[in-house]
$ cat final_27.tsv   # TSV, C-alpha atoms
chain	number	residue	atom	x	y	z
N	2	MET	CA	-104.46	-42.33	-53.06
N	3	PRO	CA	-102.02	-39.72	-54.32
N	4	GLN	CA	-102.65	-36.02	-54.02
N	5	ALA	CA	-102.62	-33.59	-56.93
N	6	LEU	CA	-99.38	-31.77	-57.50
N	7	ALA	CA	-99.06	-28.12	-56.66
N	8	GLN	CA	-95.60	-27.19	-57.88
N	9	PRO	CA	-93.75	-27.36	-61.20
N	10	LEU	CA	-91.45	-30.29	-61.68
N	11	ASN	CA	-87.79	-30.43	-62.50
N	12	PRO	CA	-87.39	-32.39	-65.72
N	13	SER	CA	-85.64	-35.74	-65.75
N	14	PRO	CA	-83.30	-36.59	-68.66
N	15	ALA	CA	-86.16	-38.54	-70.25
N	16	SER	CA	-89.11	-36.25	-69.66
N	17	PRO	CA	-90.15	-32.64	-70.17
N	18	ALA	CA	-90.92	-30.36	-67.27
N	19	VAL	CA	-94.52	-31.17	-66.42
N	20	ARG	CA	-96.47	-28.34	-64.83
N	21	VAL	CA	-99.52	-29.67	-63.02
N	22	SER	CA	-101.49	-27.55	-60.58
N	23	THR	CA	-104.48	-28.33	-58.43
N	24	ARG	CA	-106.02	-25.22	-59.98
N	25	GLU	CA	-105.64	-26.34	-63.58
N	26	ASN	CA	-106.71	-29.98	-63.70
N	27	ASN	CA	-109.58	-32.22	-62.66
N	28	PHE	CA	-107.64	-34.99	-60.93
N	29	ASP	CA	-109.50	-34.44	-57.65
N	30	LEU	CA	-112.81	-34.80	-59.48
N	31	VAL	CA	-111.62	-37.86	-61.41
N	32	ARG	CA	-110.60	-39.55	-58.16
N	33	ILE	CA	-113.83	-38.86	-56.30
N	34	LEU	CA	-115.83	-40.22	-59.25
N	35	ALA	CA	-113.61	-43.32	-59.18
N	36	ALA	CA	-114.20	-43.68	-55.43
N	37	VAL	CA	-117.96	-43.34	-55.95
N	38	GLN	CA	-117.81	-46.09	-58.58
N	39	VAL	CA	-116.12	-48.40	-56.09
N	40	ALA	CA	-118.71	-47.53	-53.44
N	41	LEU	CA	-121.61	-48.13	-55.84
N	42	PHE	CA	-120.14	-51.47	-56.84
N	43	HIS	CA	-119.72	-52.57	-53.23
N	44	ALA	CA	-123.08	-51.21	-52.10
N	45	SER	CA	-124.92	-52.88	-54.98
N	46	ALA	CA	-123.34	-56.19	-54.04
N	47	HIS	CA	-123.64	-56.03	-50.25
N	48	LEU	CA	-126.79	-53.97	-49.62
N	49	GLN	CA	-128.82	-56.46	-51.67
N	50	LEU	CA	-130.38	-53.81	-53.87
N	51	PRO	CA	-133.05	-54.91	-56.36
N	52	PRO	CA	-131.55	-56.14	-59.65
N	53	GLU	CA	-133.63	-53.59	-61.56
N	54	GLY	CA	-134.21	-49.89	-61.11
N	55	VAL	CA	-132.27	-46.66	-61.42
N	56	TRP	CA	-129.44	-47.62	-59.07
N	57	ALA	CA	-128.99	-51.02	-60.67
N	58	GLN	CA	-128.75	-49.41	-64.11
N	59	LEU	CA	-126.36	-46.78	-62.80
N	60	ALA	CA	-124.16	-49.48	-61.30
N	61	ARG	CA	-124.06	-51.28	-64.65
N	62	VAL	CA	-123.02	-48.11	-66.45
N	63	PHE	CA	-120.33	-47.42	-63.86
N	64	GLN	CA	-118.90	-50.90	-64.36
N	65	VAL	CA	-117.22	-49.76	-67.57
N	66	PHE	CA	-115.41	-47.04	-65.59
N	67	PRO	CA	-113.74	-49.16	-62.89
N	68	GLY	CA	-112.55	-47.05	-59.99
N	69	VAL	CA	-109.44	-48.95	-58.93
N	70	PRO	CA	-107.83	-49.02	-62.41
N	71	ILE	CA	-108.58	-45.29	-62.71
N	72	PHE	CA	-106.84	-44.69	-59.39
N	73	PHE	CA	-103.81	-46.62	-60.61
N	74	VAL	CA	-103.56	-44.62	-63.86
N	75	VAL	CA	-103.79	-41.35	-61.94
N	76	SER	CA	-101.17	-42.60	-59.48
N	77	GLY	CA	-98.77	-43.42	-62.29
N	78	PHE	CA	-99.02	-39.90	-63.66
N	79	LEU	CA	-98.90	-37.99	-60.38
N	80	ILE	CA	-96.51	-40.14	-58.36
N	81	SER	CA	-93.86	-40.23	-61.07
N	82	ALA	CA	-94.20	-36.45	-61.38
N	83	SER	CA	-93.95	-36.13	-57.59
N	84	TYR	CA	-90.73	-38.13	-57.59
N	85	GLU	CA	-89.25	-35.86	-60.25
N	86	ARG	CA	-90.24	-32.82	-58.22
N	87	LYS	CA	-88.70	-34.14	-55.00
N	88	GLN	CA	-85.50	-35.27	-56.72
N	89	GLU	CA	-84.40	-37.00	-53.47
N	90	LEU	CA	-85.60	-40.31	-52.10
N	91	ARG	CA	-86.15	-39.29	-48.47
N	92	PRO	CA	-88.52	-36.31	-49.03
N	93	TYR	CA	-90.33	-38.27	-51.73
N	94	LEU	CA	-91.00	-41.24	-49.45
N	95	ARG	CA	-91.82	-38.99	-46.52
N	96	ALA	CA	-94.45	-37.17	-48.57
N	97	ARG	CA	-95.95	-40.44	-49.79
N	98	LEU	CA	-96.13	-41.99	-46.32
N	99	LEU	CA	-97.67	-38.85	-44.82
N	100	ARG	CA	-100.30	-38.95	-47.54
N	101	ILE	CA	-101.28	-42.58	-46.86
N	102	TYR	CA	-100.77	-43.48	-43.23
N	103	PRO	CA	-102.24	-40.83	-40.88
N	104	ALA	CA	-105.68	-40.95	-42.50
N	105	LEU	CA	-105.43	-44.74	-42.72
N	106	TRP	CA	-104.61	-45.04	-39.02
N	107	ILE	CA	-107.52	-42.80	-38.02
N	108	CYS	CA	-109.84	-44.88	-40.21
N	109	PHE	CA	-108.53	-48.05	-38.58
N	110	ALA	CA	-109.27	-46.63	-35.13
N	111	VAL	CA	-112.81	-45.77	-36.25
N	112	SER	CA	-113.17	-49.26	-37.71
N	113	LEU	CA	-112.19	-50.79	-34.36
N	114	LEU	CA	-114.83	-48.68	-32.62
N	115	VAL	CA	-117.47	-49.82	-35.11
N	116	ALA	CA	-116.53	-53.50	-34.79
N	117	GLY	CA	-116.42	-53.18	-31.00
N	118	ALA	CA	-119.81	-51.48	-30.89
N	119	PHE	CA	-121.33	-54.53	-32.55
N	120	GLY	CA	-119.67	-56.88	-30.07
N	121	PHE	CA	-117.01	-58.38	-32.32
N	122	LEU	CA	-114.05	-57.41	-30.13
N	123	PRO	CA	-114.60	-59.11	-26.75
N	124	LEU	CA	-111.77	-59.15	-24.22
N	125	ASP	CA	-110.53	-62.60	-25.23
N	126	VAL	CA	-110.07	-61.30	-28.77
N	127	LEU	CA	-108.51	-57.99	-27.73
N	128	PHE	CA	-105.80	-59.75	-25.73
N	129	SER	CA	-105.13	-62.48	-28.28
N	130	PRO	CA	-101.98	-62.73	-30.43
N	131	LYS	CA	-104.14	-62.87	-33.56
N	132	PHE	CA	-105.66	-59.48	-32.76
N	133	ALA	CA	-102.22	-57.97	-32.20
N	134	ALA	CA	-100.97	-59.43	-35.48
N	135	TRP	CA	-104.01	-58.08	-37.32
N	136	CYS	CA	-103.49	-54.60	-35.86
N	137	VAL	CA	-99.86	-54.58	-36.94
N	138	ALA	CA	-100.92	-55.69	-40.42
N	139	GLN	CA	-103.55	-52.97	-40.68
N	140	VAL	CA	-101.24	-50.12	-39.69
N	141	THR	CA	-98.33	-51.27	-41.87
N	142	PHE	CA	-98.73	-52.83	-45.31
N	143	VAL	CA	-100.67	-56.09	-45.01
N	144	GLN	CA	-104.18	-54.65	-45.04
N	145	PHE	CA	-105.56	-57.62	-47.00
N	146	PHE	CA	-105.09	-59.91	-43.95
N	147	ASN	CA	-108.58	-60.88	-42.74
N	148	PRO	CA	-108.76	-62.47	-39.26
N	149	SER	CA	-111.24	-65.20	-38.45
N	150	PHE	CA	-112.82	-63.27	-35.55
N	151	LEU	CA	-114.24	-60.69	-37.98
N	152	ARG	CA	-115.54	-62.98	-40.70
N	153	GLU	CA	-119.04	-62.92	-39.26
N	154	PHE	CA	-119.15	-59.12	-39.15
N	155	GLY	CA	-121.03	-57.39	-41.97
N	156	VAL	CA	-119.83	-58.73	-45.31
N	157	GLY	CA	-117.06	-60.80	-43.69
N	158	VAL	CA	-114.22	-58.28	-44.10
N	159	LEU	CA	-114.03	-55.15	-41.95
N	160	ASN	CA	-112.64	-52.98	-44.76
N	161	GLY	CA	-112.06	-55.02	-47.90
N	162	SER	CA	-111.24	-51.96	-50.00
N	163	LEU	CA	-107.86	-51.65	-48.31
N	164	TRP	CA	-106.30	-54.43	-50.39
N	165	THR	CA	-105.21	-51.65	-52.77
N	166	ILE	CA	-103.09	-49.91	-50.10
N	167	PRO	CA	-100.20	-52.43	-50.26
N	168	VAL	CA	-100.35	-52.25	-54.06
N	169	GLU	CA	-100.17	-48.45	-53.94
N	170	LEU	CA	-97.30	-48.54	-51.45
N	171	THR	CA	-95.40	-50.93	-53.70
N	172	PHE	CA	-95.90	-48.50	-56.59
N	173	TYR	CA	-94.26	-45.83	-54.45
N	174	VAL	CA	-91.23	-48.02	-53.87
N	175	CYS	CA	-91.02	-49.08	-57.52
N	176	VAL	CA	-90.91	-45.55	-58.93
N	177	PRO	CA	-87.35	-44.74	-57.75
N	178	ALA	CA	-86.19	-48.17	-58.93
N	179	LEU	CA	-87.80	-47.71	-62.36
N	180	TYR	CA	-86.18	-44.31	-62.74
N	181	ALA	CA	-82.79	-45.58	-61.63
N	182	LEU	CA	-82.83	-48.66	-63.88
N	183	LEU	CA	-84.83	-47.61	-66.92
N	184	VAL	CA	-85.04	-43.81	-67.12
N	185	ARG	CA	-82.04	-41.91	-65.85
N	186	GLY	CA	-79.12	-41.62	-68.21
N	187	ARG	CA	-81.07	-43.03	-71.15
N	188	ALA	CA	-82.45	-41.40	-74.25
N	189	ARG	CA	-86.20	-41.07	-74.16
N	190	PRO	CA	-86.90	-43.65	-76.93
N	191	THR	CA	-84.80	-46.19	-75.05
N	192	SER	CA	-86.46	-45.55	-71.69
N	193	ASN	CA	-89.89	-45.64	-73.33
N	194	ALA	CA	-89.13	-49.00	-74.90
N	195	LEU	CA	-87.89	-50.47	-71.62
N	196	LEU	CA	-90.88	-49.16	-69.70
N	197	ALA	CA	-93.19	-50.51	-72.40
N	198	VAL	CA	-91.73	-53.98	-71.89
N	199	VAL	CA	-92.54	-53.77	-68.17
N	200	THR	CA	-96.04	-52.54	-69.03
N	201	LEU	CA	-96.70	-55.42	-71.43
N	202	ALA	CA	-95.38	-57.99	-68.95
N	203	SER	CA	-97.73	-56.70	-66.27
N	204	PHE	CA	-100.65	-56.65	-68.70
N	205	ALA	CA	-99.95	-60.29	-69.56
N	206	VAL	CA	-100.18	-61.23	-65.86
N	207	GLY	CA	-103.36	-59.18	-65.42
N	208	TYR	CA	-105.02	-60.69	-68.47
N	209	ALA	CA	-104.02	-64.19	-67.38
N	210	MET	CA	-105.65	-63.52	-64.00
N	211	GLU	CA	-108.84	-62.29	-65.68
N	212	ILE	CA	-109.24	-65.39	-67.83
N	213	GLY	CA	-108.64	-67.74	-64.89
N	214	VAL	CA	-105.10	-68.95	-65.50
N	215	PHE	CA	-104.34	-68.64	-61.77
N	216	GLY	CA	-107.54	-70.33	-60.69
N	217	PRO	CA	-111.25	-69.53	-60.39
N	218	PRO	CA	-112.44	-66.17	-59.02
N	219	ARG	CA	-111.81	-65.72	-55.28
N	220	SER	CA	-109.50	-68.75	-55.17
N	221	PHE	CA	-106.45	-68.45	-52.93
N	222	GLN	CA	-104.07	-68.39	-55.89
N	223	GLN	CA	-105.95	-65.64	-57.65
N	224	ARG	CA	-106.29	-63.53	-54.52
N	225	LEU	CA	-102.57	-63.95	-53.89
N	226	VAL	CA	-101.71	-62.69	-57.38
N	227	GLN	CA	-104.24	-59.86	-57.10
N	228	ALA	CA	-102.62	-58.64	-53.87
N	229	THR	CA	-99.34	-58.00	-55.69
N	230	ILE	CA	-98.51	-55.25	-58.18
N	231	ALA	CA	-97.93	-57.74	-61.00
N	232	PRO	CA	-101.44	-57.60	-62.57
N	233	HIS	CA	-101.90	-53.88	-61.86
N	234	LEU	CA	-98.54	-52.31	-62.71
N	235	HIS	CA	-99.43	-51.79	-66.39
N	236	LEU	CA	-102.16	-49.33	-65.41
N	237	PHE	CA	-99.71	-47.37	-63.28
N	238	MET	CA	-97.16	-47.52	-66.10
N	239	LEU	CA	-99.62	-46.05	-68.60
N	240	GLY	CA	-99.95	-43.01	-66.37
N	241	MET	CA	-96.20	-42.84	-65.83
N	242	LEU	CA	-95.44	-43.12	-69.55
N	243	ALA	CA	-97.91	-40.33	-70.26
N	244	GLN	CA	-96.21	-38.10	-67.70
N	245	LEU	CA	-92.74	-38.87	-69.05
N	246	ASN	CA	-93.88	-37.99	-72.57
N	247	TRP	CA	-96.26	-35.18	-71.63
N	248	ASP	CA	-94.99	-32.82	-74.33
N	249	ALA	CA	-96.43	-35.24	-76.91
N	250	VAL	CA	-99.31	-36.73	-74.91
N	251	GLU	CA	-100.73	-33.38	-73.85
N	252	ARG	CA	-101.65	-32.50	-77.43
N	253	LEU	CA	-103.59	-35.76	-77.72
N	254	VAL	CA	-105.66	-35.44	-74.55
N	255	ARG	CA	-106.08	-31.80	-73.56
N	256	GLY	CA	-109.63	-30.66	-74.35
N	257	ARG	CA	-110.44	-33.89	-76.23
N	258	PHE	CA	-112.48	-35.77	-73.64
N	259	LEU	CA	-115.30	-36.81	-75.97
N	260	LEU	CA	-112.81	-38.14	-78.53
N	261	TRP	CA	-111.51	-40.53	-75.84
N	262	VAL	CA	-114.55	-41.40	-73.75
N	263	VAL	CA	-116.84	-42.39	-76.63
N	264	PRO	CA	-114.61	-45.07	-78.23
N	265	TYR	CA	-113.54	-46.28	-74.80
N	266	THR	CA	-117.14	-46.65	-73.62
N	267	VAL	CA	-118.19	-48.52	-76.76
N	268	LEU	CA	-115.26	-50.94	-76.52
N	269	ALA	CA	-115.54	-51.41	-72.75
N	270	MET	CA	-119.26	-52.19	-72.99
N	271	ALA	CA	-118.64	-54.65	-75.82
N	272	LEU	CA	-115.98	-56.40	-73.73
N	273	HIS	CA	-118.21	-56.37	-70.64
N	274	GLU	CA	-121.11	-57.91	-72.56
N	275	GLN	CA	-118.69	-60.39	-74.16
N	276	LEU	CA	-119.59	-59.21	-77.65
N	277	VAL	CA	-115.86	-59.09	-78.34
N	278	ALA	CA	-112.90	-60.57	-76.51
N	279	GLY	CA	-109.19	-61.16	-76.67
N	280	PRO	CA	-105.95	-59.71	-75.29
N	281	LEU	CA	-105.47	-57.13	-78.05
N	282	LEU	CA	-108.87	-55.53	-77.58
N	283	THR	CA	-108.48	-55.68	-73.80
N	284	ALA	CA	-105.09	-53.95	-74.08
N	285	LEU	CA	-106.62	-51.32	-76.36
N	286	ALA	CA	-109.37	-50.73	-73.79
N	287	ARG	CA	-106.74	-50.11	-71.09
N	288	VAL	CA	-104.97	-47.56	-73.28
N	289	LEU	CA	-108.27	-45.85	-74.10
N	290	LEU	CA	-109.17	-45.83	-70.39
N	291	ALA	CA	-105.86	-44.13	-69.56
N	292	GLY	CA	-106.46	-41.60	-72.33
N	293	THR	CA	-109.99	-40.97	-71.08
N	294	VAL	CA	-108.76	-40.41	-67.51
N	295	LEU	CA	-106.04	-37.96	-68.56
N	296	SER	CA	-108.28	-36.19	-71.04
N	297	GLY	CA	-110.93	-35.84	-68.34
N	298	ALA	CA	-108.31	-34.34	-66.05
N	299	PHE	CA	-107.21	-31.79	-68.68
N	300	SER	CA	-110.52	-30.85	-70.32
N	301	ALA	CA	-112.68	-28.08	-68.82
N	302	ARG	CA	-109.92	-27.82	-66.25
N	303	SER	CA	-111.73	-25.49	-63.86
N	304	LEU	CA	-114.55	-27.99	-63.31
N	305	SER	CA	-112.94	-29.72	-60.34
N	306	ALA	CA	-112.28	-26.45	-58.52
N	307	LYS	CA	-115.87	-25.32	-59.08
N	308	VAL	CA	-117.40	-28.60	-57.89
N	309	LEU	CA	-115.05	-29.59	-55.07
N	310	ARG	CA	-113.50	-26.21	-54.13
N	311	HIS	CA	-110.06	-27.82	-53.79
N	312	GLN	CA	-111.29	-30.41	-51.28
N	313	ASP	CA	-109.64	-33.72	-52.17
N	314	VAL	CA	-112.09	-36.03	-50.41
N	315	SER	CA	-111.54	-39.12	-52.56
N	316	TYR	CA	-109.11	-40.88	-50.21
N	317	GLY	CA	-111.32	-40.44	-47.15
N	318	PHE	CA	-114.39	-41.54	-49.10
N	319	TYR	CA	-112.53	-44.63	-50.29
N	320	LEU	CA	-111.29	-45.44	-46.78
N	321	TYR	CA	-114.62	-45.19	-44.98
N	322	HIS	CA	-117.30	-46.40	-47.38
N	323	MET	CA	-116.85	-50.12	-46.66
N	324	VAL	CA	-116.83	-49.59	-42.90
N	325	ILE	CA	-120.19	-47.84	-43.29
N	326	ILE	CA	-121.55	-50.56	-45.59
N	327	ASN	CA	-120.53	-53.18	-43.02
N	328	ALA	CA	-122.40	-51.33	-40.30
N	329	PHE	CA	-125.52	-51.15	-42.45
N	330	VAL	CA	-125.34	-54.86	-43.27
N	331	GLU	CA	-124.84	-55.72	-39.60
N	332	MET	CA	-127.92	-53.65	-38.68
N	333	GLY	CA	-129.96	-55.33	-41.42
N	334	LEU	CA	-130.40	-52.10	-43.36
N	335	VAL	CA	-130.37	-53.70	-46.80
N	336	GLY	CA	-132.63	-54.11	-49.79
N	337	ARG	CA	-133.69	-50.49	-50.30
N	338	PRO	CA	-132.07	-47.77	-52.45
N	339	MET	CA	-132.46	-45.26	-49.61
N	340	TYR	CA	-129.82	-47.20	-47.67
N	341	LEU	CA	-127.41	-46.71	-50.55
N	342	LEU	CA	-128.05	-42.96	-50.44
N	343	ALA	CA	-127.47	-43.00	-46.68
N	344	VAL	CA	-124.17	-44.86	-47.10
N	345	LEU	CA	-122.98	-42.36	-49.69
N	346	GLY	CA	-124.04	-39.41	-47.55
N	347	ILE	CA	-122.30	-40.69	-44.41
N	348	ALA	CA	-119.19	-41.52	-46.47
N	349	VAL	CA	-119.11	-37.93	-47.75
N	350	ILE	CA	-119.31	-36.60	-44.19
N	351	ALA	CA	-116.51	-38.94	-43.07
N	352	ALA	CA	-114.41	-37.95	-46.08
N	353	LEU	CA	-114.85	-34.23	-45.38
N	354	ALA	CA	-113.85	-34.77	-41.75
N	355	SER	CA	-110.80	-36.77	-42.80
N	356	TRP	CA	-109.78	-34.11	-45.32
N	357	ARG	CA	-110.19	-31.11	-43.05
N	358	LEU	CA	-108.92	-32.61	-39.80
N	359	VAL	CA	-106.19	-34.96	-40.99
N	360	GLU	CA	-105.21	-34.83	-44.65
N	361	LYS	CA	-105.26	-31.09	-45.40
N	362	PRO	CA	-103.21	-30.12	-42.31
N	363	LEU	CA	-100.61	-32.72	-43.23
N	364	LEU	CA	-100.45	-31.44	-46.81
N	365	ALA	CA	-99.78	-27.98	-45.39
N	366	LEU	CA	-97.05	-29.45	-43.18
N	367	LYS	CA	-95.45	-31.15	-46.19
N	368	ALA	CA	-95.57	-27.92	-48.17
N	369	SER	CA	-93.95	-25.95	-45.36
N	370	ARG	CA	-91.05	-28.41	-45.22
N	371	ALA	CA	-90.64	-28.81	-48.99
$ encode --input "final_27.tsv" --output "structure tokens"
Amino acid sequence: MPQALAQPLNPSPASPAVRVSTRENNFDLVRILAAVQVALFHASAHLQLPPEGVWAQLARVFQVFPGVPIFFVVSGFLISASYERKQELRPYLRARLLRIYPALWICFAVSLLVAGAFGFLPLDVLFSPKFAAWCVAQVTFVQFFNPSFLREFGVGVLNGSLWTIPVELTFYVCVPALYALLVRGRARPTSNALLAVVTLASFAVGYAMEIGVFGPPRSFQQRLVQATIAPHLHLFMLGMLAQLNWDAVERLVRGRFLLWVVPYTVLAMALHEQLVAGPLLTALARVLLAGTVLSGAFSARSLSAKVLRHQDVSYGFYLYHMVIINAFVEMGLVGRPMYLLAVLGIAVIAALASWRLVEKPLLALKASRA
């Protein structure tokens, strides 16, 4: 997931100069909370926790704050701002790839060790073409490929969370294209209108997927659509549009978290419980979610620094939590809330190691070459 920005941006013709600092926003905190939501969702499903109790209730509450959509909104804001700051395609892409791949490759190596420790990588598998193809997929951009020799391990997918990596990478590629085609050289109202059309088109695909137009849940057709940016781009675009119009949006979100989170929560819970339905209310919920995310990032702005001390552990936590859950499932450590706590604790340790040993040094390297 993208890192918080640390330098002021050069304005594009369609946007004001956005000044975002890791010391003056809560994006790191927003992202780790989003990653925890994803982990709670996966742990509740795969660790076979009791359907009642504190953790079950907490998981239900967290369902109205879905982690992956929150990540995508944050990405839209920060990645578009990062592109404006870089101004050139090569340093922009280099920074994005350094942010994603080294930590991902280390996690993949750890995942291989875990799978091998449980006996799922015998010699005949290690020297098979399918294993080689899977390795290439995992270290490039086809992380959703799930080989047959691992379908009996844990939950059946070694690290199912990584389906978002190709989506995120595609976002990175789309940003320069969106700027070139729809932003640069255009008046802001015109670029906003064009970007809004893209946003609405993506929302239409996402809503169609949710109501089963592409097939039942987990069907091949639905999984194929889900693996593309088409149903997710509107969330990224909401963040991008906010960044492009930050001079106006800032006044609506800064210090107004309660004014966003309360109506969003009420509407999201009503939609979740199917008390209300329909594309218009769903679209409104997405807008309110984006507003809640940005308002959370720019309200009580010192909170993230106080809690996390500038340690952006969300990416590492997201990378490792499913590997840990798989190991617990394989060992039969399921059915008790204490196993959930253990998973979260080990994921935090892995995330801290990833941040301090891999991600933070690379961020320093990027800064020194900026």
$ atom_distance --input "final_27.tsv" --atom1 "CA of Tyr319 in chain N" --atom2 "CA of Lys87 in chain N"
26.5 Å
$ residues_around --input "final_27.tsv" --residues "range 97-110 of chain N" --least-positions-apart "3" --cutoff "8 Å" --atoms "only C-alpha atoms" --output "list in words"
Met2, Pro3, Gln4, Tyr93, Leu94, Leu113, Leu114, Gln139, Val140, Tyr173, Gly317, Leu320, Tyr321, Ser355, Val359, Glu360, Leu363 and Leu364 of chain N
$ residues_around --input "final_27.tsv" --residues "Val69 in chain N" --least-positions-apart "5" --cutoff "9 Å" --atoms "only C-alpha atoms" --output "list of chain:residue names"
N:Ala35, N:Ala36, N:Gln38, N:Val39, N:Val74, N:Thr165
$ atom_distance --input "final_27.tsv" --atom1 "CA of Val31 in chain N" --atom2 "CA of Ala351 in chain N"
19.0 Å
$ atom_distance --input "final_27.tsv" --atom1 "CA of Phe318 in chain N" --atom2 "CA of Ala348 in chain N"
5.5 Å
$ residues_around --input "final_27.tsv" --residues "Arg302 in chain N" --least-positions-apart "6" --cutoff "9 Å" --atoms "all atoms listed in the file" --output "list in words"
Arg24, Glu25, Asn26, Asn27 and Gly256 of chain N
$ closest_residue --input "final_27.tsv" --among "N:Ile80, N:Leu196, N:Leu358, N:Leu59" --to "Val37 in chain N" --atoms "all atoms listed in the file"
N:Leu59
$ closest_residue --input "final_27.tsv" --among "N:Val143, N:Val158, N:Ala284, N:Leu170" --to "Tyr208 in chain N" --atoms "only C-alpha atoms"
N:Ala284
